[in-house]
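K.L.:
query_6.cif is the file, holding mmCIF, N, CA and C atoms:
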data_run
loop_
_atom_site.label_atom_id
_atom_site.label_comp_id
_atom_site.auth_asym_id
_atom_site.auth_seq_id
_atom_site.Cartn_x
_atom_site.Cartn_y
_atom_site.Cartn_z
N MET A 1 103.92 -18.11 68.17
CA MET A 1 103.51 -17.69 69.50
C MET A 1 104.06 -18.72 70.49
N PRO A 2 104.84 -18.26 71.48
CA PRO A 2 105.44 -19.23 72.40
C PRO A 2 104.38 -19.84 73.31
N TRP A 3 104.55 -21.12 73.55
CA TRP A 3 103.80 -21.75 74.59
C TRP A 3 104.74 -22.38 75.55
N CYS A 4 104.29 -23.10 76.38
CA CYS A 4 105.03 -23.67 77.51
C CYS A 4 106.49 -23.94 77.19
N GLY A 5 107.37 -23.40 77.93
CA GLY A 5 108.79 -23.68 77.79
C GLY A 5 109.46 -22.89 76.69
N GLY A 6 108.84 -21.89 76.09
CA GLY A 6 109.45 -21.06 75.08
C GLY A 6 109.39 -21.63 73.67
N PHE A 7 108.75 -22.77 73.50
CA PHE A 7 108.62 -23.32 72.17
C PHE A 7 107.49 -22.62 71.43
N THR A 8 107.55 -22.59 70.11
CA THR A 8 106.46 -22.00 69.33
C THR A 8 105.49 -23.09 68.92
N ALA A 9 104.23 -22.68 68.75
CA ALA A 9 103.19 -23.64 68.37
C ALA A 9 103.41 -24.07 66.92
N PRO A 10 103.12 -25.30 66.61
CA PRO A 10 103.24 -25.75 65.23
C PRO A 10 102.20 -25.03 64.35
N PRO A 11 102.49 -24.81 63.09
CA PRO A 11 101.53 -24.12 62.22
C PRO A 11 100.26 -24.95 62.05
N ASP A 12 99.13 -24.25 62.01
CA ASP A 12 97.83 -24.90 61.83
C ASP A 12 97.41 -24.68 60.37
N PRO A 13 97.46 -25.72 59.53
CA PRO A 13 97.14 -25.55 58.11
C PRO A 13 95.73 -25.03 57.87
N ALA A 14 94.76 -25.45 58.66
CA ALA A 14 93.38 -24.98 58.48
C ALA A 14 93.29 -23.48 58.74
N ARG A 15 93.97 -23.02 59.77
CA ARG A 15 93.96 -21.59 60.10
C ARG A 15 94.65 -20.79 58.99
N GLN A 16 95.76 -21.30 58.48
CA GLN A 16 96.46 -20.61 57.41
C GLN A 16 95.59 -20.49 56.16
N ARG A 17 94.82 -21.53 55.84
CA ARG A 17 93.91 -21.47 54.69
C ARG A 17 92.82 -20.43 54.91
N ARG A 18 92.23 -20.42 56.12
CA ARG A 18 91.20 -19.43 56.43
C ARG A 18 91.73 -18.02 56.28
N GLU A 19 92.93 -17.78 56.80
CA GLU A 19 93.52 -16.44 56.71
C GLU A 19 93.80 -16.05 55.26
N ALA A 20 94.26 -17.00 54.45
CA ALA A 20 94.51 -16.72 53.03
C ALA A 20 93.22 -16.38 52.31
N VAL A 21 92.16 -17.14 52.60
CA VAL A 21 90.86 -16.87 51.98
C VAL A 21 90.35 -15.49 52.40
N MET A 22 90.51 -15.13 53.65
CA MET A 22 90.05 -13.82 54.13
C MET A 22 90.84 -12.69 53.47
N ARG A 23 92.14 -12.88 53.25
CA ARG A 23 92.95 -11.86 52.57
C ARG A 23 92.45 -11.66 51.13
N VAL A 24 92.18 -12.77 50.44
CA VAL A 24 91.68 -12.68 49.06
C VAL A 24 90.31 -12.02 49.04
N PHE A 25 89.43 -12.44 49.94
CA PHE A 25 88.09 -11.85 50.00
C PHE A 25 88.17 -10.36 50.32
N GLY A 26 89.04 -9.98 51.24
CA GLY A 26 89.20 -8.56 51.59
C GLY A 26 89.68 -7.75 50.40
N ALA A 27 90.64 -8.27 49.66
CA ALA A 27 91.13 -7.56 48.48
C ALA A 27 90.03 -7.44 47.43
N PHE A 28 89.23 -8.48 47.25
CA PHE A 28 88.11 -8.43 46.31
C PHE A 28 87.09 -7.39 46.74
N ALA A 29 86.75 -7.35 48.02
CA ALA A 29 85.77 -6.39 48.53
C ALA A 29 86.26 -4.96 48.32
N VAL A 30 87.53 -4.71 48.57
CA VAL A 30 88.08 -3.37 48.34
C VAL A 30 88.00 -3.02 46.86
N GLY A 31 88.30 -3.96 45.98
CA GLY A 31 88.22 -3.72 44.55
C GLY A 31 86.81 -3.38 44.10
N VAL A 32 85.83 -4.09 44.64
CA VAL A 32 84.42 -3.81 44.30
C VAL A 32 84.03 -2.41 44.77
N MET A 33 84.44 -2.03 45.98
CA MET A 33 84.10 -0.69 46.48
C MET A 33 84.74 0.40 45.64
N VAL A 34 85.97 0.20 45.22
CA VAL A 34 86.65 1.19 44.36
C VAL A 34 85.92 1.30 43.02
N ALA A 35 85.53 0.16 42.45
CA ALA A 35 84.82 0.18 41.17
C ALA A 35 83.49 0.90 41.29
N LEU A 36 82.77 0.67 42.37
CA LEU A 36 81.49 1.34 42.58
C LEU A 36 81.67 2.84 42.79
N ALA A 37 82.70 3.21 43.52
CA ALA A 37 82.95 4.63 43.78
C ALA A 37 83.34 5.35 42.51
N ALA A 38 83.98 4.68 41.57
CA ALA A 38 84.43 5.32 40.33
C ALA A 38 83.35 5.27 39.25
N GLY A 39 82.22 4.64 39.52
CA GLY A 39 81.19 4.46 38.51
C GLY A 39 80.41 5.72 38.20
N CYS A 40 79.36 5.55 37.47
CA CYS A 40 78.52 6.65 37.00
C CYS A 40 77.96 7.47 38.15
N GLY A 41 77.87 8.76 37.93
CA GLY A 41 77.23 9.64 38.90
C GLY A 41 78.14 10.19 39.95
N GLY A 42 79.44 10.00 39.84
CA GLY A 42 80.36 10.59 40.80
C GLY A 42 80.44 12.09 40.61
N GLU A 43 81.32 12.74 41.33
CA GLU A 43 81.52 14.18 41.18
C GLU A 43 82.02 14.45 39.77
N ARG A 44 81.34 15.27 39.03
CA ARG A 44 81.68 15.53 37.64
C ARG A 44 82.04 16.99 37.45
N PRO A 45 82.83 17.28 36.43
CA PRO A 45 83.13 18.67 36.14
C PRO A 45 81.87 19.40 35.70
N SER A 46 81.80 20.70 35.97
CA SER A 46 80.59 21.45 35.63
C SER A 46 80.50 21.72 34.14
N GLU A 47 81.61 21.66 33.43
CA GLU A 47 81.65 21.94 31.99
C GLU A 47 81.69 20.63 31.21
N PRO A 48 80.75 20.38 30.29
CA PRO A 48 80.85 19.18 29.48
C PRO A 48 82.07 19.27 28.57
N PRO A 49 82.58 18.13 28.13
CA PRO A 49 83.73 18.17 27.25
C PRO A 49 83.38 18.81 25.91
N ALA A 50 84.40 19.20 25.18
CA ALA A 50 84.19 19.84 23.89
C ALA A 50 83.50 18.87 22.94
N THR A 51 82.64 19.40 22.09
CA THR A 51 81.98 18.56 21.10
C THR A 51 82.75 18.64 19.81
N GLY A 52 82.43 17.76 18.89
CA GLY A 52 83.09 17.78 17.59
C GLY A 52 83.84 16.50 17.34
N ALA A 53 84.60 16.49 16.27
CA ALA A 53 85.31 15.28 15.86
C ALA A 53 86.34 14.84 16.88
N ALA A 54 86.96 15.78 17.59
CA ALA A 54 88.00 15.42 18.56
C ALA A 54 87.41 14.93 19.87
N ALA A 55 86.13 15.14 20.11
CA ALA A 55 85.53 14.80 21.39
C ALA A 55 85.31 13.31 21.56
N ALA A 56 84.90 12.60 20.52
CA ALA A 56 84.59 11.18 20.66
C ALA A 56 85.05 10.43 19.42
N PRO A 57 85.52 9.21 19.62
CA PRO A 57 85.88 8.41 18.46
C PRO A 57 84.67 8.14 17.59
N ARG A 58 84.89 7.85 16.33
CA ARG A 58 83.80 7.65 15.38
C ARG A 58 82.84 6.56 15.83
N GLY A 59 83.36 5.46 16.37
CA GLY A 59 82.51 4.36 16.82
C GLY A 59 81.56 4.79 17.92
N ALA A 60 82.03 5.65 18.84
CA ALA A 60 81.18 6.12 19.92
C ALA A 60 80.06 6.98 19.37
N LYS A 61 80.37 7.81 18.37
CA LYS A 61 79.35 8.69 17.79
C LYS A 61 78.28 7.84 17.10
N ASP A 62 78.71 6.79 16.37
CA ASP A 62 77.76 5.91 15.71
C ASP A 62 76.87 5.21 16.72
N GLU A 63 77.46 4.78 17.84
CA GLU A 63 76.69 4.10 18.89
C GLU A 63 75.64 5.04 19.48
N VAL A 64 76.03 6.28 19.74
CA VAL A 64 75.10 7.27 20.28
C VAL A 64 73.96 7.50 19.30
N THR A 65 74.29 7.61 18.02
CA THR A 65 73.26 7.82 17.00
C THR A 65 72.30 6.64 16.95
N GLN A 66 72.83 5.42 17.04
CA GLN A 66 71.97 4.24 17.02
C GLN A 66 71.04 4.19 18.22
N GLU A 67 71.56 4.53 19.40
CA GLU A 67 70.72 4.50 20.60
C GLU A 67 69.65 5.59 20.55
N ARG A 68 70.01 6.74 20.04
CA ARG A 68 69.03 7.83 19.94
C ARG A 68 67.97 7.52 18.90
N ALA A 69 68.30 6.73 17.90
CA ALA A 69 67.34 6.37 16.87
C ALA A 69 66.19 5.52 17.43
N LYS A 70 66.40 4.93 18.60
CA LYS A 70 65.37 4.11 19.23
C LYS A 70 64.27 4.97 19.87
N LEU A 71 64.51 6.28 19.97
CA LEU A 71 63.55 7.20 20.59
C LEU A 71 62.55 7.70 19.55
N SER A 72 61.44 8.24 20.04
CA SER A 72 60.48 8.88 19.14
C SER A 72 61.12 10.13 18.56
N PRO A 73 60.64 10.61 17.41
CA PRO A 73 61.23 11.83 16.83
C PRO A 73 61.18 13.03 17.78
N GLU A 74 60.10 13.14 18.56
CA GLU A 74 59.98 14.25 19.50
C GLU A 74 61.04 14.14 20.60
N ASP A 75 61.18 12.94 21.16
CA ASP A 75 62.18 12.73 22.22
C ASP A 75 63.59 12.90 21.67
N ARG A 76 63.82 12.43 20.43
CA ARG A 76 65.15 12.57 19.83
C ARG A 76 65.53 14.05 19.69
N ALA A 77 64.57 14.88 19.32
CA ALA A 77 64.84 16.32 19.20
C ALA A 77 65.20 16.90 20.56
N LEU A 78 64.50 16.47 21.62
CA LEU A 78 64.80 16.95 22.97
C LEU A 78 66.18 16.49 23.43
N VAL A 79 66.52 15.24 23.13
CA VAL A 79 67.83 14.69 23.51
C VAL A 79 68.93 15.44 22.75
N ASP A 80 68.71 15.69 21.47
CA ASP A 80 69.71 16.42 20.68
C ASP A 80 69.92 17.83 21.23
N ALA A 81 68.86 18.44 21.72
CA ALA A 81 68.99 19.79 22.29
C ALA A 81 69.73 19.77 23.63
N GLN A 82 69.54 18.70 24.42
CA GLN A 82 70.19 18.59 25.73
C GLN A 82 71.61 18.05 25.59
N GLU A 83 71.80 17.04 24.77
CA GLU A 83 73.09 16.42 24.41
C GLU A 83 73.78 15.64 25.53
N TRP A 84 73.85 16.16 26.74
CA TRP A 84 74.60 15.55 27.84
C TRP A 84 73.68 15.16 28.97
N CYS A 85 74.07 14.14 29.73
CA CYS A 85 73.31 13.72 30.91
C CYS A 85 73.28 14.86 31.90
N VAL A 86 72.13 15.05 32.53
CA VAL A 86 71.95 16.15 33.46
C VAL A 86 72.71 15.93 34.78
N VAL A 87 73.04 14.69 35.11
CA VAL A 87 73.80 14.38 36.33
C VAL A 87 75.28 14.17 36.00
N SER A 88 75.55 13.26 35.08
CA SER A 88 76.92 12.99 34.64
C SER A 88 77.16 13.85 33.40
N THR A 89 77.51 15.10 33.61
CA THR A 89 77.54 16.06 32.51
C THR A 89 78.65 15.81 31.49
N ASP A 90 79.48 14.80 31.71
CA ASP A 90 80.47 14.45 30.70
C ASP A 90 80.07 13.18 29.94
N GLU A 91 78.84 12.72 30.15
CA GLU A 91 78.33 11.51 29.50
C GLU A 91 77.28 11.90 28.46
N ARG A 92 77.58 11.61 27.19
CA ARG A 92 76.62 11.93 26.12
C ARG A 92 75.39 11.04 26.26
N LEU A 93 74.24 11.62 26.02
CA LEU A 93 73.01 10.85 26.05
C LEU A 93 73.02 9.85 24.90
N GLY A 94 72.87 8.58 25.21
CA GLY A 94 72.91 7.52 24.22
C GLY A 94 74.19 6.71 24.28
N ALA A 95 75.18 7.17 25.02
CA ALA A 95 76.45 6.44 25.11
C ALA A 95 76.33 5.20 25.98
N MET A 96 75.31 5.15 26.85
CA MET A 96 75.14 4.00 27.75
C MET A 96 73.81 3.30 27.49
N GLY A 97 73.34 3.34 26.26
CA GLY A 97 72.04 2.78 25.93
C GLY A 97 71.07 3.92 25.68
N PRO A 98 69.81 3.59 25.40
CA PRO A 98 68.84 4.65 25.14
C PRO A 98 68.70 5.55 26.37
N PRO A 99 68.68 6.87 26.16
CA PRO A 99 68.50 7.78 27.30
C PRO A 99 67.17 7.53 28.00
N LEU A 100 67.15 7.74 29.31
CA LEU A 100 65.93 7.57 30.09
C LEU A 100 65.23 8.92 30.21
N LYS A 101 63.95 8.94 29.92
CA LYS A 101 63.17 10.18 29.98
C LYS A 101 62.50 10.29 31.35
N LEU A 102 62.68 11.45 31.97
CA LEU A 102 62.06 11.74 33.26
C LEU A 102 61.11 12.92 33.10
N ASP A 103 60.17 13.01 34.01
CA ASP A 103 59.29 14.18 34.06
C ASP A 103 59.61 14.89 35.37
N ILE A 104 60.30 16.01 35.27
CA ILE A 104 60.68 16.79 36.44
C ILE A 104 59.87 18.08 36.44
N LYS A 105 58.96 18.16 37.38
CA LYS A 105 58.08 19.33 37.49
C LYS A 105 57.42 19.67 36.15
N GLY A 106 56.96 18.63 35.45
CA GLY A 106 56.25 18.82 34.20
C GLY A 106 57.13 19.05 32.99
N GLN A 107 58.45 18.99 33.14
CA GLN A 107 59.35 19.21 32.02
C GLN A 107 60.10 17.92 31.71
N PRO A 108 60.28 17.60 30.43
CA PRO A 108 61.03 16.39 30.07
C PRO A 108 62.53 16.61 30.29
N VAL A 109 63.15 15.62 30.94
CA VAL A 109 64.58 15.65 31.22
C VAL A 109 65.12 14.26 30.90
N PHE A 110 66.30 14.20 30.31
CA PHE A 110 66.90 12.92 29.96
C PHE A 110 68.17 12.69 30.76
N VAL A 111 68.37 11.42 31.17
CA VAL A 111 69.58 11.01 31.87
C VAL A 111 70.16 9.80 31.15
N CYS A 112 71.42 9.49 31.45
CA CYS A 112 72.12 8.42 30.75
C CYS A 112 71.82 7.04 31.33
N CYS A 113 71.47 6.95 32.64
CA CYS A 113 71.32 5.63 33.26
C CYS A 113 70.42 5.71 34.49
N LYS A 114 70.09 4.55 35.05
CA LYS A 114 69.22 4.49 36.23
C LYS A 114 69.87 5.13 37.45
N GLY A 115 71.18 5.03 37.58
CA GLY A 115 71.87 5.65 38.71
C GLY A 115 71.69 7.16 38.71
N CYS A 116 71.73 7.75 37.53
CA CYS A 116 71.55 9.20 37.42
C CYS A 116 70.09 9.59 37.62
N LYS A 117 69.17 8.69 37.32
CA LYS A 117 67.74 8.98 37.48
C LYS A 117 67.43 9.34 38.93
N ARG A 118 67.94 8.56 39.86
CA ARG A 118 67.68 8.83 41.29
C ARG A 118 68.21 10.19 41.69
N LYS A 119 69.41 10.51 41.24
CA LYS A 119 70.02 11.78 41.63
C LYS A 119 69.28 12.96 41.00
N ALA A 120 68.82 12.80 39.77
CA ALA A 120 68.09 13.88 39.10
C ALA A 120 66.75 14.14 39.80
N GLU A 121 66.10 13.08 40.22
CA GLU A 121 64.80 13.22 40.89
C GLU A 121 64.95 13.73 42.32
N ALA A 122 66.12 13.53 42.92
CA ALA A 122 66.33 13.95 44.31
C ALA A 122 66.39 15.47 44.46
N ASP A 123 66.87 16.19 43.44
CA ASP A 123 66.99 17.65 43.50
C ASP A 123 66.44 18.24 42.20
N PRO A 124 65.09 18.35 42.10
CA PRO A 124 64.48 18.78 40.84
C PRO A 124 64.90 20.18 40.39
N ASP A 125 65.05 21.12 41.33
CA ASP A 125 65.42 22.48 40.93
C ASP A 125 66.82 22.51 40.31
N LYS A 126 67.75 21.82 40.92
CA LYS A 126 69.12 21.75 40.38
C LYS A 126 69.10 21.06 39.02
N THR A 127 68.30 20.00 38.88
CA THR A 127 68.21 19.27 37.63
C THR A 127 67.71 20.18 36.51
N LEU A 128 66.64 20.93 36.77
CA LEU A 128 66.08 21.81 35.74
C LEU A 128 67.05 22.92 35.36
N LYS A 129 67.79 23.44 36.34
CA LYS A 129 68.78 24.47 36.05
C LYS A 129 69.90 23.90 35.18
N THR A 130 70.34 22.69 35.49
CA THR A 130 71.40 22.06 34.71
C THR A 130 70.94 21.80 33.28
N VAL A 131 69.70 21.36 33.10
CA VAL A 131 69.16 21.14 31.75
C VAL A 131 69.16 22.44 30.96
N ALA A 132 68.70 23.51 31.59
CA ALA A 132 68.67 24.81 30.91
C ALA A 132 70.09 25.23 30.51
N ASP A 133 71.06 25.03 31.40
CA ASP A 133 72.46 25.37 31.10
C ASP A 133 72.99 24.53 29.94
N LEU A 134 72.71 23.22 29.96
CA LEU A 134 73.18 22.34 28.89
C LEU A 134 72.58 22.73 27.54
N LYS A 135 71.29 23.04 27.53
CA LYS A 135 70.64 23.44 26.27
C LYS A 135 71.20 24.76 25.76
N ALA A 136 71.46 25.70 26.67
CA ALA A 136 72.00 27.00 26.26
C ALA A 136 73.41 26.82 25.67
N LYS A 137 74.24 25.99 26.30
CA LYS A 137 75.60 25.76 25.78
C LYS A 137 75.54 25.07 24.42
N LYS A 138 74.65 24.11 24.28
CA LYS A 138 74.53 23.40 23.00
C LYS A 138 74.07 24.37 21.92
N ALA A 139 73.09 25.24 22.22
CA ALA A 139 72.59 26.20 21.25
C ALA A 139 73.67 27.21 20.87
N ALA A 140 74.49 27.61 21.83
CA ALA A 140 75.55 28.57 21.55
C ALA A 140 76.63 27.98 20.66
N ARG A 141 76.88 26.68 20.77
CA ARG A 141 77.92 26.03 19.97
C ARG A 141 77.44 25.60 18.60
N SER A 142 76.12 25.46 18.43
CA SER A 142 75.58 24.97 17.15
C SER A 142 75.64 26.08 16.11
N PRO A 143 76.07 25.72 14.90
CA PRO A 143 76.06 26.73 13.83
C PRO A 143 74.63 27.05 13.43
N GLN A 144 74.37 28.28 13.17
CA GLN A 144 73.00 28.71 12.83
C GLN A 144 72.74 28.58 11.36
#
Go ahead and express the file in the form of structure tokens.

P.N.:
Amino acid sequence: MPWCGGFTAPPDPARQRREAVMRVFGAFAVGVMVALAAGCGGERPSEPPATGAAAAPRGAKDEVTQERAKLSPEDRALVDAQEWCVVSTDERLGAMGPPLKLDIKGQPVFVCCKGCKRKAEADPDKTLKTVADLKAKKAARSPQ
């Protein structure tokens, strides 16, 4: 920036450091926002992914089984019937730890995480409809 007589001001090392720190902080803040926006509970497809051997690696299936084993037999049967998170419909119940049990209008509903709990409780009618749809799809795919 020119000052008196057309000369440029000498560089200020303290100012350059502050600007460098602000650039790094800004990039970090943008990265955090992108990570949060891509996290659980975003816009999800209405159709859960296909089930079966091709749907999840063996380790993921074992992890889901272990997490579901932490539930009571009654809750485990309900989770097995629902199979997918009611909010994040592409997330298997048990893939992110033990499923969380909610009571929505007197009916048991399971979600994958605390973030989905808020969304499920915010629209109970939509939540119950999604649970019914998930259970119907699971029943239709299960061999009799």

K.L.:
Just give me the gap between atom CA of Pro99 of chain A and atom CA of Cys113 of chain A in Å, one decimal is fine.

P.N.:
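Interatomic distance here is 6.9 Å.
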
K.L.:
The PyMOL selection byres ((chain A and resi 64-71) around 6.5) - which residues does that actually catch in the file I just gave you? List them as an MDAnalysis selection string.

P.N.:
chainID A and resid 59:63 72:76 93:95 97:99

K.L.:
Compile the contact shell of Lys114 of chain A as a list in words: residues with an atom at most 12 Å away, counting only C-alpha atoms, same-chain residues fewer than 4 positions apart removed.

P.N.:
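Once the adjacent positions are removed, what remains is Cys40, Gly41, Cys85, Val87, Ser88, Met96, Gly97, Pro98, Pro99, Leu100, Lys101, Leu102, Phe110, Arg118, Lys119, Ala120 and Glu121 of chain A.
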
K.L.:
Would you work out the distance separating atom C of Arg23 of chain A from atom CA of Pro10 of chain A, expressed in Å to one decimal?

P.N.:
22.7 Å

K.L.:
Go ahead and compute the interatomic distance for atom C of Glu83 of chain A and atom C of Ala122 of chain A, in Å to one decimal.

P.N.:
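Atom-to-atom, atom C of Glu83 of chain A and atom C of Ala122 of chain A are spaced 20.3 Å apart.
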
K.L.:
Using the chain letters and residue numbers of this document, give as a compact mmCIF listing (two decimals) with N, CA and C atoms, keeping the file's coordinate frame the residues selected by the PyMOL selection byres ((chain A and resi 130-138) around 8).

P.N.:
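Output file selection.txt follows:
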# COMPACT_ATOMS: atom_id res chain seq x y z
N PRO A 48 80.75 20.38 30.29
CA PRO A 48 80.85 19.18 29.48
C PRO A 48 82.07 19.27 28.57
N ASP A 80 68.71 15.69 21.47
CA ASP A 80 69.71 16.42 20.68
C ASP A 80 69.92 17.83 21.23
N ALA A 81 68.86 18.44 21.72
CA ALA A 81 68.99 19.79 22.29
C ALA A 81 69.73 19.77 23.63
N GLN A 82 69.54 18.70 24.42
CA GLN A 82 70.19 18.59 25.73
C GLN A 82 71.61 18.05 25.59
N GLU A 83 71.80 17.04 24.77
CA GLU A 83 73.09 16.42 24.41
C GLU A 83 73.78 15.64 25.53
N TRP A 84 73.85 16.16 26.74
CA TRP A 84 74.60 15.55 27.84
C TRP A 84 73.68 15.16 28.97
N CYS A 85 74.07 14.14 29.73
CA CYS A 85 73.31 13.72 30.91
C CYS A 85 73.28 14.86 31.90
N VAL A 86 72.13 15.05 32.53
CA VAL A 86 71.95 16.15 33.46
C VAL A 86 72.71 15.93 34.78
N VAL A 87 73.04 14.69 35.11
CA VAL A 87 73.80 14.38 36.33
C VAL A 87 75.28 14.17 36.00
N VAL A 109 63.15 15.62 30.94
CA VAL A 109 64.58 15.65 31.22
C VAL A 109 65.12 14.26 30.90
N PHE A 110 66.30 14.20 30.31
CA PHE A 110 66.90 12.92 29.96
C PHE A 110 68.17 12.69 30.76
N PRO A 124 65.09 18.35 42.10
CA PRO A 124 64.48 18.78 40.84
C PRO A 124 64.90 20.18 40.39
N ASP A 125 65.05 21.12 41.33
CA ASP A 125 65.42 22.48 40.93
C ASP A 125 66.82 22.51 40.31
N LYS A 126 67.75 21.82 40.92
CA LYS A 126 69.12 21.75 40.38
C LYS A 126 69.10 21.06 39.02
N THR A 127 68.30 20.00 38.88
CA THR A 127 68.21 19.27 37.63
C THR A 127 67.71 20.18 36.51
N LEU A 128 66.64 20.93 36.77
CA LEU A 128 66.08 21.81 35.74
C LEU A 128 67.05 22.92 35.36
N LYS A 129 67.79 23.44 36.34
CA LYS A 129 68.78 24.47 36.05
C LYS A 129 69.90 23.90 35.18
N ALA A 139 73.09 25.24 22.22
CA ALA A 139 72.59 26.20 21.25
C ALA A 139 73.67 27.21 20.87
N ALA A 140 74.49 27.61 21.83
CA ALA A 140 75.55 28.57 21.55
C ALA A 140 76.63 27.98 20.66
N ARG A 141 76.88 26.68 20.77
CA ARG A 141 77.92 26.03 19.97
C ARG A 141 77.44 25.60 18.60
N SER A 142 76.12 25.46 18.43
CA SER A 142 75.58 24.97 17.15
C SER A 142 75.64 26.08 16.11
N PRO A 143 76.07 25.72 14.90
CA PRO A 143 76.06 26.73 13.83
C PRO A 143 74.63 27.05 13.43
